[in-house]
Amino acid sequence: MSEIHVPHRHPTLLRLTSAAVRRELLDRVLAPAATPLLLGVFAALAIIGVIGLALRVAGGYENRVAWGYTAALLAWLFMTVHGAPLAAAGLRFVKADWRRPIVRIVELCTVGGLVTFPLFLLLLPTLPPRQGRANIWFDWPGAPGAYEAVAVLFLALTGLAMLALSARPDFAAARDAATGAARRRYAFLAGGWRGTPREWDVLRRGLVLLGALYIFALAFVQFLYPIDFGLSLIPGWISAIFPAFAMLTTLQCAAASTLIALYLWRRFGGLSDYLRLDHFWGLAKILLATSLLWFYFWWADFLTLWYGRKPPELAVLQLLVVGPYFVPFALAFLLSFVVPFGSLIWNRVRISIAGPVVVALSVLLGNFFNTVRIYVAAYSVAGMGGHALEQVPPAHPPDVIDAMIVVGVIGLIALLYTIASRVIPPVSIWEVNEGLMLRRPAHYLKGEYIVVGKPT
Amino acid sequence: MTIRHLLGLYPDAERAANGADALRQAGVPQSSIEVLTDTPYPEGAFGEPPAQHRLFVFPFIGAACGFAVGLLLTAGTQLAYPMPTGGKPILSVPAMIIIMYEGTMLGAIIMTVLGIIFESRLPRARLGTYDPRISEGYVGVLVVDEDPVVGRAEQVFRQSGAEVIREREPED
C-alpha cells in the first residue's frame, strides 16, 4: 500500500459544512454571548477619552503643542483603523482565496470612521493660518480645512458603505433565521435581499469598486494629513517622500492590525476553526515586505537631508531624528524595522501564529512612536514663518490628558467594534460558504493538495 | 393577463440546475426564470445568461463629473480673478491637481454608491416570492410568467424533484 505524503505546512481546509458555518456564525448575532465586563471596560475607557477631549477643548487652541499627541493619535488611527480594511479591499481585488474568513473582521474596523471624523474636526482649529508658511494649497479659499474634512468624511462613508454592502447577504440569512424584533431589524438591514444572480453580481462588483475607491480615498487622506498636520508645520522641511512614507506605513500597519485582530478573534473569539496558520503566514509575508520598505522610504528621506547638509535641513534632522525626539525615533526604528526584519526573515517565526502577532504588536507600537516624533515635534514648533527652523524646540512629554485621550479614543473604537460585531457576523458567511463550494482536497502522485476553483 | 409567481425549492444545487434546464426545455422563457441562492454560484452554473447591469458606468460618470467640477472650480476661479505673479502662468496646475483629484474621487464614490442602490433596486418595500429555507442552503427556482407557462413550470418542478412548490398571490 502506497504511503500518502502530506507536504509540510500546506494550506489547510476548513473542516466545517456550510450549514455548520451558517448556524455558528448566525448564533453569534442572534444570541450573542453576554460580555458585560468587556463592554463595560471599553465603555469606561470611552468615557475617559471623551472627558480627556472635553478637557483639551476647554483648554483652548492657543497652546498648540498641547494637541500634538492627539494629532499623532489621529495619524496612527488613519494607519491602523482605516488601514486594516485595505486588507479586505486588496485581497478581494486580487481574488485571493485565503481572504474569506478575514475580510469581515477588518471591514468591521470601518466603524472607527465614526470616531476619526469628529476627532479630525476637533483638530482642525489647531492648524495655523496658511499665510507665511509653506503649504500645498497656495491661497485657495477654504483650504485646507474644508477639502480635508470632506476627504476624511468620504473615507469614513466609503468604508461603512463597503461594510454594509458586504454584510447584506448575511443580514438576509439572519432575517430568515430570526423571529420578532430581530427579524424586523435584519429585514430592514437586508433591504429585500433574495440572492438572485443579478444581486450577487452587483454585490461582488460593487465591493471591488468600493474597495478600489476606498484605497484612493485613504491614499488621498494620507497625502493631505501628513503634509498639513506635519510637514508644513516645520519650516525648512521639504520632502516629496514623506506622504508616500505615510502611505507605506499605512500598508505596514494594515497588515499588523489585521494580524492583531485575527489573533484576538482566534484566541478569545472562538474563531480558531476559521483563522488558521495560512492567514497569519500570508500576512507575515506582507509585513516583512513592508518593513523592508519602511527602511527604504525612511532612508531615502533621511539621506537627502543629511547629504545636502544645508543648515535648514540639518535643523529638521535635529528636530525629528537626533535631537529632542531621538528616543521616539530610535523606538520607531527598532520596532518598525529592526524587529520585524530581524525576526520575520526566519521561517520558524514567519510560519507560525505567535511570531507574526508579536511582530505586529511591535510594528504598531513602533509606528505610534513614529507618529509621535513627527506630529508632536511639528506641533511643538512655535514660529510658522520663514524657510528654516530657527530654534529646535525641546521635547514635549505627554500629560495626563494626553494619556486619557489616547487610551480613551482607542477604547471608544474598540467599543463600537465590539457592538458592531454583535450585529454583523464577524466572519462573512456567504464568502466562507462560497470558498467551501470552490475548494476540494485532491491527491496528486504522493501528495495531498487543495484544488481551488476560481470563477472568472 | 394574470401574472403568476411560482417558486420551486430544491434541496441541492445539482437538482436545481437540472430543474432549470428542464424548464427551458419545456418552453419556459429564460427571462421568466430566476435562481435564488444563499451563496454566489459561478456564473452560468444554472445555465442562466450573464447578469445584465451597468454598475461599471456609474463610477466613470461620477469621476468625469467630479473631474469637470474640480477643473471648472480651480481653473474658473483663477481665470476669473487673475493674479499675475512674476510672469508665471495664471493657472497653477500642481495646486489644481489636488482639488481635481478630490472632485474625481468624490464623484466616483457618490455615483458608485448610487449605482449600487439603483442596480440593486433599493429600497425594496416587499421581499417578493421567497422562502427562508433558501438561506439554509436550499436553491429556489422562480418562474414569473403568464398562467399557461407557470402551469407548465409547476409540472416540471414536480418531475424534477422540487421539495416545495409555493405560489405568491396572483397579480393582474
# chains A, B, ... in the order shown; residues from 1 in each chain; ligands from 1
call {"tool": "closest_atom_pairs", "arguments": {"of": "region 28-92 of chain B", "to": "region 127-140 of chain B", "cutoff": "8 Å", "atoms": "only C-alpha atoms", "output": "Markdown table"}}
result
| residue | atom | partner | partner_atom | distance |
| --- | --- | --- | --- | --- |
| B:Val35 | CA | B:Gly140 | CA | 5.7 |
| B:Leu36 | CA | B:Gly140 | CA | 4.8 |
| B:Thr37 | CA | B:Val139 | CA | 5.2 |
| B:Asp38 | CA | B:Ser135 | CA | 5.1 |
call {"tool": "write_last_selection", "arguments": {"atoms": "C-alpha atoms", "output": "mmCIF file, in the first residue's frame"}}
result
data_model
loop_
_atom_site.group_PDB
_atom_site.id
_atom_site.type_symbol
_atom_site.label_atom_id
_atom_site.label_comp_id
_atom_site.auth_asym_id
_atom_site.auth_seq_id
_atom_site.Cartn_x
_atom_site.Cartn_y
_atom_site.Cartn_z
ATOM 1 C CA VAL B 35 -32.497 31.292 -9.428
ATOM 2 C CA LEU B 36 -32.315 32.289 -5.742
ATOM 3 C CA THR B 37 -29.303 31.100 -3.714
ATOM 4 C CA ASP B 38 -27.596 31.777 -0.384
#
call {"tool": "interface_residues", "arguments": {"of": "chain A", "to": "chain B", "cutoff": "7 Å", "atoms": "only C-alpha atoms", "output": "PyMOL selection string"}}
result
chain A and resi 19+136-137+173+176+191-192+194-202+206+213+430+433-434+455
call {"tool": "residues_around", "arguments": {"residues": "region 49-62 of chain A", "least_positions_apart": "5", "cutoff": "7 Å", "atoms": "only C-alpha atoms", "output": "PyMOL selection string"}}
result
chain A and resi 125-126+401+404-405+407-409
call {"tool": "select_by_dssp", "arguments": {"residues": "region 60-167 of chain B", "states": "helix (DSSP H, G or I)", "output": "mmCIF file with C-alpha atoms, in the first residue's frame"}}
result
data_model
loop_
_atom_site.group_PDB
_atom_site.id
_atom_site.type_symbol
_atom_site.label_atom_id
_atom_site.label_comp_id
_atom_site.auth_asym_id
_atom_site.auth_seq_id
_atom_site.Cartn_x
_atom_site.Cartn_y
_atom_site.Cartn_z
ATOM 1 C CA PHE B 60 -16.969 56.610 -14.674
ATOM 2 C CA ILE B 61 -19.796 59.100 -14.971
ATOM 3 C CA GLY B 62 -19.215 60.229 -11.388
ATOM 4 C CA ALA B 63 -15.469 60.542 -11.907
ATOM 5 C CA ALA B 64 -15.951 62.523 -15.135
ATOM 6 C CA CYS B 65 -18.455 64.888 -13.493
ATOM 7 C CA GLY B 66 -16.254 65.292 -10.405
ATOM 8 C CA PHE B 67 -13.209 65.992 -12.522
ATOM 9 C CA ALA B 68 -15.140 68.550 -14.567
ATOM 10 C CA VAL B 69 -16.363 70.308 -11.418
ATOM 11 C CA GLY B 70 -12.834 70.321 -9.981
ATOM 12 C CA LEU B 71 -11.417 71.700 -13.209
ATOM 13 C CA LEU B 72 -14.105 74.378 -13.508
ATOM 14 C CA LEU B 73 -13.725 75.372 -9.863
ATOM 15 C CA THR B 74 -9.964 75.703 -9.972
ATOM 16 C CA ALA B 75 -9.383 76.994 -13.486
ATOM 17 C CA GLY B 76 -12.506 79.141 -13.451
ATOM 18 C CA THR B 77 -11.582 80.875 -10.201
ATOM 19 C CA GLN B 78 -8.031 81.609 -11.316
ATOM 20 C CA LEU B 79 -9.169 82.904 -14.694
ATOM 21 C CA ALA B 80 -11.943 84.993 -13.158
ATOM 22 C CA VAL B 93 -1.608 73.239 -12.278
ATOM 23 C CA PRO B 94 0.049 71.374 -9.328
ATOM 24 C CA ALA B 95 -2.290 73.056 -6.858
ATOM 25 C CA MET B 96 -5.260 72.372 -9.156
ATOM 26 C CA ILE B 97 -4.477 68.665 -9.345
ATOM 27 C CA ILE B 98 -5.214 68.168 -5.634
ATOM 28 C CA ILE B 99 -8.728 69.577 -5.899
ATOM 29 C CA MET B 100 -9.388 67.898 -9.247
ATOM 30 C CA TYR B 101 -8.303 64.545 -7.775
ATOM 31 C CA GLU B 102 -10.622 65.084 -4.819
ATOM 32 C CA GLY B 103 -13.503 66.041 -7.116
ATOM 33 C CA THR B 104 -12.888 62.988 -9.297
ATOM 34 C CA MET B 105 -12.726 60.660 -6.304
ATOM 35 C CA LEU B 106 -15.808 62.083 -4.597
ATOM 36 C CA GLY B 107 -17.819 61.982 -7.810
ATOM 37 C CA ALA B 108 -16.837 58.354 -8.361
ATOM 38 C CA ILE B 109 -17.682 57.381 -4.765
ATOM 39 C CA ILE B 110 -21.075 59.100 -4.781
ATOM 40 C CA MET B 111 -22.070 57.642 -8.142
ATOM 41 C CA THR B 112 -20.828 54.153 -7.216
ATOM 42 C CA VAL B 113 -22.980 54.130 -4.089
ATOM 43 C CA LEU B 114 -25.938 55.463 -6.095
ATOM 44 C CA GLY B 115 -25.213 52.863 -8.771
ATOM 45 C CA ILE B 116 -25.247 50.040 -6.254
ATOM 46 C CA ILE B 117 -28.522 51.318 -4.818
ATOM 47 C CA PHE B 118 -30.049 51.665 -8.293
ATOM 48 C CA GLU B 119 -28.811 48.366 -9.692
ATOM 49 C CA PRO B 132 -36.468 31.432 4.197
ATOM 50 C CA ARG B 133 -35.110 27.935 3.530
ATOM 51 C CA ILE B 134 -33.027 29.465 0.729
ATOM 52 C CA SER B 135 -30.802 30.863 3.481
ATOM 53 C CA GLU B 136 -30.364 27.322 4.772
ATOM 54 C CA ASP B 147 -50.802 31.381 -16.424
ATOM 55 C CA PRO B 148 -50.136 28.675 -19.055
ATOM 56 C CA VAL B 149 -46.358 28.987 -18.787
ATOM 57 C CA VAL B 150 -46.424 28.778 -14.995
ATOM 58 C CA GLY B 151 -48.718 25.753 -15.289
ATOM 59 C CA ARG B 152 -46.036 24.005 -17.335
ATOM 60 C CA ALA B 153 -43.407 25.074 -14.837
ATOM 61 C CA GLU B 154 -45.377 23.536 -11.987
ATOM 62 C CA GLN B 155 -45.336 20.183 -13.753
ATOM 63 C CA VAL B 156 -41.581 20.459 -14.354
ATOM 64 C CA PHE B 157 -40.995 21.304 -10.683
ATOM 65 C CA ARG B 158 -42.866 18.168 -9.620
ATOM 66 C CA GLN B 159 -40.987 15.951 -12.061
#
call {"tool": "residues_around", "arguments": {"residues": "region 308-318 of chain A", "least_positions_apart": "6", "cutoff": "10 Å", "atoms": "only C-alpha atoms", "output": "VMD selection string"}}
result
chain A and resid 234 to 238 302 324 to 326 377 to 378 387 to 393
call {"tool": "write_last_selection", "arguments": {"atoms": "N, CA, C and O atoms", "output": "PDB file, in the first residue's frame"}}
result
ATOM      1  N   ILE A 234       6.643  72.489   9.954  1.00  0.00           N
ATOM      2  CA  ILE A 234       8.071  72.589  10.296  1.00  0.00           C
ATOM      3  C   ILE A 234       8.784  73.384   9.207  1.00  0.00           C
ATOM      4  O   ILE A 234       8.995  72.854   8.101  1.00  0.00           O
ATOM      5  N   PRO A 235       9.134  74.633   9.469  1.00  0.00           N
ATOM      6  CA  PRO A 235       9.811  75.434   8.443  1.00  0.00           C
ATOM      7  C   PRO A 235      11.111  74.758   8.001  1.00  0.00           C
ATOM      8  O   PRO A 235      11.874  74.260   8.829  1.00  0.00           O
ATOM      9  N   GLY A 236      11.314  74.710   6.709  1.00  0.00           N
ATOM     10  CA  GLY A 236      12.549  74.135   6.188  1.00  0.00           C
ATOM     11  C   GLY A 236      12.467  72.666   5.860  1.00  0.00           C
ATOM     12  O   GLY A 236      13.391  72.112   5.273  1.00  0.00           O
ATOM     13  N   TRP A 237      11.377  72.022   6.248  1.00  0.00           N
ATOM     14  CA  TRP A 237      11.245  70.592   5.926  1.00  0.00           C
ATOM     15  C   TRP A 237      10.568  70.465   4.565  1.00  0.00           C
ATOM     16  O   TRP A 237       9.381  70.731   4.419  1.00  0.00           O
ATOM     17  N   ILE A 238      11.331  70.095   3.573  1.00  0.00           N
ATOM     18  CA  ILE A 238      10.801  69.902   2.221  1.00  0.00           C
ATOM     19  C   ILE A 238      11.041  68.444   1.863  1.00  0.00           C
ATOM     20  O   ILE A 238      12.185  67.996   1.796  1.00  0.00           O
ATOM     21  N   PHE A 302      15.842  60.554   4.768  1.00  0.00           N
ATOM     22  CA  PHE A 302      16.918  60.979   5.671  1.00  0.00           C
ATOM     23  C   PHE A 302      18.169  61.355   4.881  1.00  0.00           C
ATOM     24  O   PHE A 302      18.787  62.394   5.113  1.00  0.00           O
ATOM     25  N   PRO A 324      15.669  66.307  20.234  1.00  0.00           N
ATOM     26  CA  PRO A 324      14.743  66.070  21.355  1.00  0.00           C
ATOM     27  C   PRO A 324      13.857  64.840  21.169  1.00  0.00           C
ATOM     28  O   PRO A 324      13.373  64.288  22.156  1.00  0.00           O
ATOM     29  N   TYR A 325      13.647  64.445  19.927  1.00  0.00           N
ATOM     30  CA  TYR A 325      12.779  63.282  19.702  1.00  0.00           C
ATOM     31  C   TYR A 325      13.573  62.053  19.279  1.00  0.00           C
ATOM     32  O   TYR A 325      13.072  61.188  18.560  1.00  0.00           O
ATOM     33  N   PHE A 326      14.821  61.986  19.766  1.00  0.00           N
ATOM     34  CA  PHE A 326      15.659  60.835  19.417  1.00  0.00           C
ATOM     35  C   PHE A 326      15.069  59.530  19.986  1.00  0.00           C
ATOM     36  O   PHE A 326      15.071  58.498  19.306  1.00  0.00           O
ATOM     37  N   ALA A 377       6.492  66.724  17.395  1.00  0.00           N
ATOM     38  CA  ALA A 377       7.592  67.634  17.056  1.00  0.00           C
ATOM     39  C   ALA A 377       7.065  68.804  16.214  1.00  0.00           C
ATOM     40  O   ALA A 377       7.400  69.966  16.458  1.00  0.00           O
ATOM     41  N   ALA A 378       6.216  68.477  15.227  1.00  0.00           N
ATOM     42  CA  ALA A 378       5.683  69.537  14.361  1.00  0.00           C
ATOM     43  C   ALA A 378       4.829  70.517  15.162  1.00  0.00           C
ATOM     44  O   ALA A 378       4.882  71.729  14.939  1.00  0.00           O
ATOM     45  N   HIS A 387      11.790  80.154   6.187  1.00  0.00           N
ATOM     46  CA  HIS A 387      12.125  78.957   5.426  1.00  0.00           C
ATOM     47  C   HIS A 387      13.030  78.023   6.216  1.00  0.00           C
ATOM     48  O   HIS A 387      13.547  77.069   5.662  1.00  0.00           O
ATOM     49  N   ALA A 388      13.281  78.348   7.472  1.00  0.00           N
ATOM     50  CA  ALA A 388      14.156  77.487   8.278  1.00  0.00           C
ATOM     51  C   ALA A 388      13.707  77.494   9.729  1.00  0.00           C
ATOM     52  O   ALA A 388      13.108  78.464  10.211  1.00  0.00           O
ATOM     53  N   LEU A 389      14.001  76.400  10.371  1.00  0.00           N
ATOM     54  CA  LEU A 389      13.698  76.267  11.794  1.00  0.00           C
ATOM     55  C   LEU A 389      14.780  77.033  12.556  1.00  0.00           C
ATOM     56  O   LEU A 389      15.945  76.648  12.536  1.00  0.00           O
ATOM     57  N   GLU A 390      14.352  78.148  13.180  1.00  0.00           N
ATOM     58  CA  GLU A 390      15.385  78.986  13.808  1.00  0.00           C
ATOM     59  C   GLU A 390      15.869  78.400  15.121  1.00  0.00           C
ATOM     60  O   GLU A 390      17.019  78.550  15.502  1.00  0.00           O
ATOM     61  N   GLN A 391      14.962  77.755  15.834  1.00  0.00           N
ATOM     62  CA  GLN A 391      15.352  77.165  17.112  1.00  0.00           C
ATOM     63  C   GLN A 391      14.664  75.814  17.267  1.00  0.00           C
ATOM     64  O   GLN A 391      13.455  75.707  17.047  1.00  0.00           O
ATOM     65  N   VAL A 392      15.439  74.809  17.608  1.00  0.00           N
ATOM     66  CA  VAL A 392      14.848  73.477  17.782  1.00  0.00           C
ATOM     67  C   VAL A 392      14.176  73.433  19.158  1.00  0.00           C
ATOM     68  O   VAL A 392      14.841  73.624  20.188  1.00  0.00           O
ATOM     69  N   PRO A 393      12.864  73.201  19.172  1.00  0.00           N
ATOM     70  CA  PRO A 393      12.153  73.203  20.461  1.00  0.00           C
ATOM     71  C   PRO A 393      12.495  71.964  21.293  1.00  0.00           C
ATOM     72  O   PRO A 393      12.871  70.930  20.735  1.00  0.00           O
TER      73      PRO A 393
END
call {"tool": "residues_around", "arguments": {"residues": "region 288-293 of chain A", "least_positions_apart": "3", "cutoff": "8 Å", "atoms": "only C-alpha atoms", "output": "tab-separated table (two decimals) with all heavy atoms, in the first residue's frame"}}
result
chain	number	residue	atom	x	y	z
A	248	LEU	N	3.00	54.15	2.98
A	248	LEU	CA	3.69	52.87	3.17
A	248	LEU	C	3.50	52.36	4.59
A	248	LEU	O	3.21	51.18	4.82
A	248	LEU	CB	5.17	53.06	2.83
A	248	LEU	CG	6.14	51.90	2.96
A	248	LEU	CD1	6.80	51.81	4.31
A	248	LEU	CD2	5.52	50.55	2.59
A	249	THR	N	3.63	53.28	5.57
A	249	THR	CA	3.43	52.85	6.95
A	249	THR	C	1.97	52.43	7.17
A	249	THR	O	1.68	51.58	8.01
A	249	THR	CB	3.79	53.97	7.95
A	249	THR	OG1	3.12	55.16	7.58
A	249	THR	CG2	5.28	54.22	7.99
A	251	LEU	N	0.22	50.78	4.92
A	251	LEU	CA	0.17	49.39	4.45
A	251	LEU	C	0.77	48.45	5.50
A	251	LEU	O	0.26	47.36	5.76
A	251	LEU	CB	0.92	49.24	3.13
A	251	LEU	CG	0.33	49.98	1.92
A	251	LEU	CD1	1.22	49.82	0.72
A	251	LEU	CD2	-1.07	49.47	1.61
A	252	GLN	N	1.87	48.90	6.10
A	252	GLN	CA	2.52	48.07	7.14
A	252	GLN	C	1.57	47.89	8.33
A	252	GLN	O	1.40	46.77	8.83
A	252	GLN	CB	3.82	48.74	7.56
A	252	GLN	CG	4.69	47.86	8.44
A	252	GLN	CD	5.84	48.61	9.08
A	252	GLN	OE1	5.75	49.83	9.27
A	252	GLN	NE2	6.90	47.92	9.40
A	284	ALA	N	2.12	37.71	7.36
A	284	ALA	CA	3.50	37.91	7.81
A	284	ALA	C	4.41	38.24	6.62
A	284	ALA	O	5.35	39.04	6.74
A	284	ALA	CB	4.01	36.65	8.53
A	285	LYS	N	4.12	37.65	5.46
A	285	LYS	CA	4.93	37.95	4.28
A	285	LYS	C	4.76	39.41	3.87
A	285	LYS	O	5.73	40.10	3.53
A	285	LYS	CB	4.51	37.03	3.12
A	285	LYS	CG	4.98	35.60	3.28
A	285	LYS	CD	4.62	34.78	2.06
A	285	LYS	CE	3.62	33.71	2.40
A	285	LYS	NZ	3.19	32.89	1.29
A	296	TYR	N	13.56	51.61	3.57
A	296	TYR	CA	13.93	52.24	2.30
A	296	TYR	C	13.38	53.67	2.23
A	296	TYR	O	14.10	54.61	1.89
A	296	TYR	CB	13.41	51.40	1.13
A	296	TYR	CG	13.55	52.12	-0.19
A	296	TYR	CD1	14.80	52.22	-0.80
A	296	TYR	CD2	12.46	52.73	-0.79
A	296	TYR	CE1	14.94	52.91	-1.99
A	296	TYR	CE2	12.60	53.43	-1.98
A	296	TYR	CZ	13.84	53.51	-2.57
A	296	TYR	OH	13.99	54.21	-3.73
A	297	PHE	N	12.11	53.84	2.56
A	297	PHE	CA	11.50	55.17	2.47
A	297	PHE	C	12.12	56.12	3.49
A	297	PHE	O	12.39	57.27	3.20
A	297	PHE	CB	9.98	55.07	2.69
A	297	PHE	CG	9.23	54.72	1.44
A	297	PHE	CD1	9.26	53.44	0.92
A	297	PHE	CD2	8.49	55.68	0.77
A	297	PHE	CE1	8.58	53.12	-0.25
A	297	PHE	CE2	7.80	55.37	-0.40
A	297	PHE	CZ	7.85	54.08	-0.90
A	336	SER	N	9.72	49.20	14.24
A	336	SER	CA	9.05	49.14	12.93
A	336	SER	C	9.93	48.51	11.86
A	336	SER	O	9.43	48.07	10.84
A	336	SER	CB	8.66	50.54	12.44
A	336	SER	OG	7.80	51.14	13.35
A	337	PHE	N	11.24	48.51	12.08
A	337	PHE	CA	12.11	47.93	11.06
A	337	PHE	C	12.98	46.79	11.60
A	337	PHE	O	12.94	45.67	11.10
A	337	PHE	CB	12.98	49.01	10.41
A	337	PHE	CG	14.10	48.44	9.58
A	337	PHE	CD1	13.81	47.67	8.46
A	337	PHE	CD2	15.43	48.63	9.95
A	337	PHE	CE1	14.84	47.11	7.71
A	337	PHE	CE2	16.45	48.07	9.20
A	337	PHE	CZ	16.16	47.30	8.08
A	340	PRO	N	10.85	43.60	13.08
A	340	PRO	CA	10.19	42.78	12.05
A	340	PRO	C	11.17	42.16	11.05
A	340	PRO	O	11.03	40.98	10.70
A	340	PRO	CB	9.23	43.74	11.34
A	340	PRO	CG	9.52	45.08	11.83
A	340	PRO	CD	10.31	44.97	13.08
A	341	PHE	N	12.17	42.94	10.63
A	341	PHE	CA	13.12	42.40	9.66
A	341	PHE	C	13.96	41.29	10.30
A	341	PHE	O	14.14	40.21	9.72
A	341	PHE	CB	14.02	43.52	9.14
A	341	PHE	CG	15.11	43.03	8.22
A	341	PHE	CD1	14.79	42.40	7.03
A	341	PHE	CD2	16.44	43.19	8.54
A	341	PHE	CE1	15.77	41.94	6.18
A	341	PHE	CE2	17.44	42.73	7.70
A	341	PHE	CZ	17.10	42.09	6.51
A	344	LEU	N	11.22	38.21	11.11
A	344	LEU	CA	10.39	37.56	10.08
A	344	LEU	C	11.21	36.93	8.96
A	344	LEU	O	10.65	36.20	8.14
A	344	LEU	CB	9.39	38.57	9.49
A	344	LEU	CG	8.25	38.99	10.43
A	344	LEU	CD1	7.35	40.02	9.75
A	344	LEU	CD2	7.42	37.80	10.87
A	345	ILE	N	12.51	37.21	8.90
A	345	ILE	CA	13.30	36.52	7.86
A	345	ILE	C	13.46	35.04	8.21
A	345	ILE	O	13.80	34.24	7.35
A	345	ILE	CB	14.69	37.15	7.63
A	345	ILE	CG1	15.45	37.28	8.95
A	345	ILE	CG2	14.60	38.47	6.93
A	345	ILE	CD1	16.92	37.62	8.74
call {"tool": "residues_around", "arguments": {"residues": "Pro356 (chain A)", "least_positions_apart": "4", "cutoff": "9 Å", "atoms": "only C-alpha atoms", "output": "PyMOL selection string"}}
result
chain A and resi 256+259-260+280-281+283-284+287+340+343-344+349-352+360-361
call {"tool": "closest_residue", "arguments": {"among": "A:Arg28, A:Arg422, A:Arg133, A:Arg64", "to": "Gly386 (chain A)", "atoms": "only C-alpha atoms"}}
result
A:Arg133
call {"tool": "residues_around", "arguments": {"residues": "Thr80 (chain A)", "least_positions_apart": "5", "cutoff": "6 Å", "atoms": "only C-alpha atoms", "output": "VMD selection string"}}
result
chain A and resid 253 to 254 257
call {"tool": "select_by_dssp", "arguments": {"residues": "region 6-171 of chain B", "states": "strand (DSSP E)", "output": "JSON, numbers by chain"}}
result
{"B": [6, 7, 8, 9, 10, 33, 34, 35, 36, 139, 140, 141, 142, 143, 144, 145, 146, 164, 165, 166, 167]}
call {"tool": "write_last_selection", "arguments": {"atoms": "C-alpha atoms", "output": "PDB file, in the first residue's frame"}}
result
ATOM      1  CA  LEU B   6     -44.170  30.139  -8.720  1.00  0.00           C
ATOM      2  CA  LEU B   7     -41.203  29.096  -6.630  1.00  0.00           C
ATOM      3  CA  GLY B   8     -39.739  25.599  -6.703  1.00  0.00           C
ATOM      4  CA  LEU B   9     -37.431  24.788  -3.827  1.00  0.00           C
ATOM      5  CA  TYR B  10     -34.655  22.230  -4.353  1.00  0.00           C
ATOM      6  CA  ILE B  33     -36.670  32.094 -14.733  1.00  0.00           C
ATOM      7  CA  GLU B  34     -34.721  33.346 -11.751  1.00  0.00           C
ATOM      8  CA  VAL B  35     -32.497  31.292  -9.428  1.00  0.00           C
ATOM      9  CA  LEU B  36     -32.315  32.289  -5.742  1.00  0.00           C
ATOM     10  CA  VAL B 139     -31.926  26.624  -4.044  1.00  0.00           C
ATOM     11  CA  GLY B 140     -35.048  28.373  -5.272  1.00  0.00           C
ATOM     12  CA  VAL B 141     -36.064  28.431  -8.921  1.00  0.00           C
ATOM     13  CA  LEU B 142     -38.621  31.163  -9.516  1.00  0.00           C
ATOM     14  CA  VAL B 143     -40.827  31.408 -12.562  1.00  0.00           C
ATOM     15  CA  VAL B 144     -42.735  34.636 -13.185  1.00  0.00           C
ATOM     16  CA  ASP B 145     -44.963  34.469 -16.233  1.00  0.00           C
ATOM     17  CA  GLU B 146     -48.473  34.148 -17.517  1.00  0.00           C
ATOM     18  CA  VAL B 164     -41.555  22.531  -2.030  1.00  0.00           C
ATOM     19  CA  ILE B 165     -43.611  24.446  -4.567  1.00  0.00           C
ATOM     20  CA  ARG B 166     -45.155  27.674  -3.443  1.00  0.00           C
ATOM     21  CA  GLU B 167     -47.021  30.406  -5.204  1.00  0.00           C
TER      22      GLU B 167
END
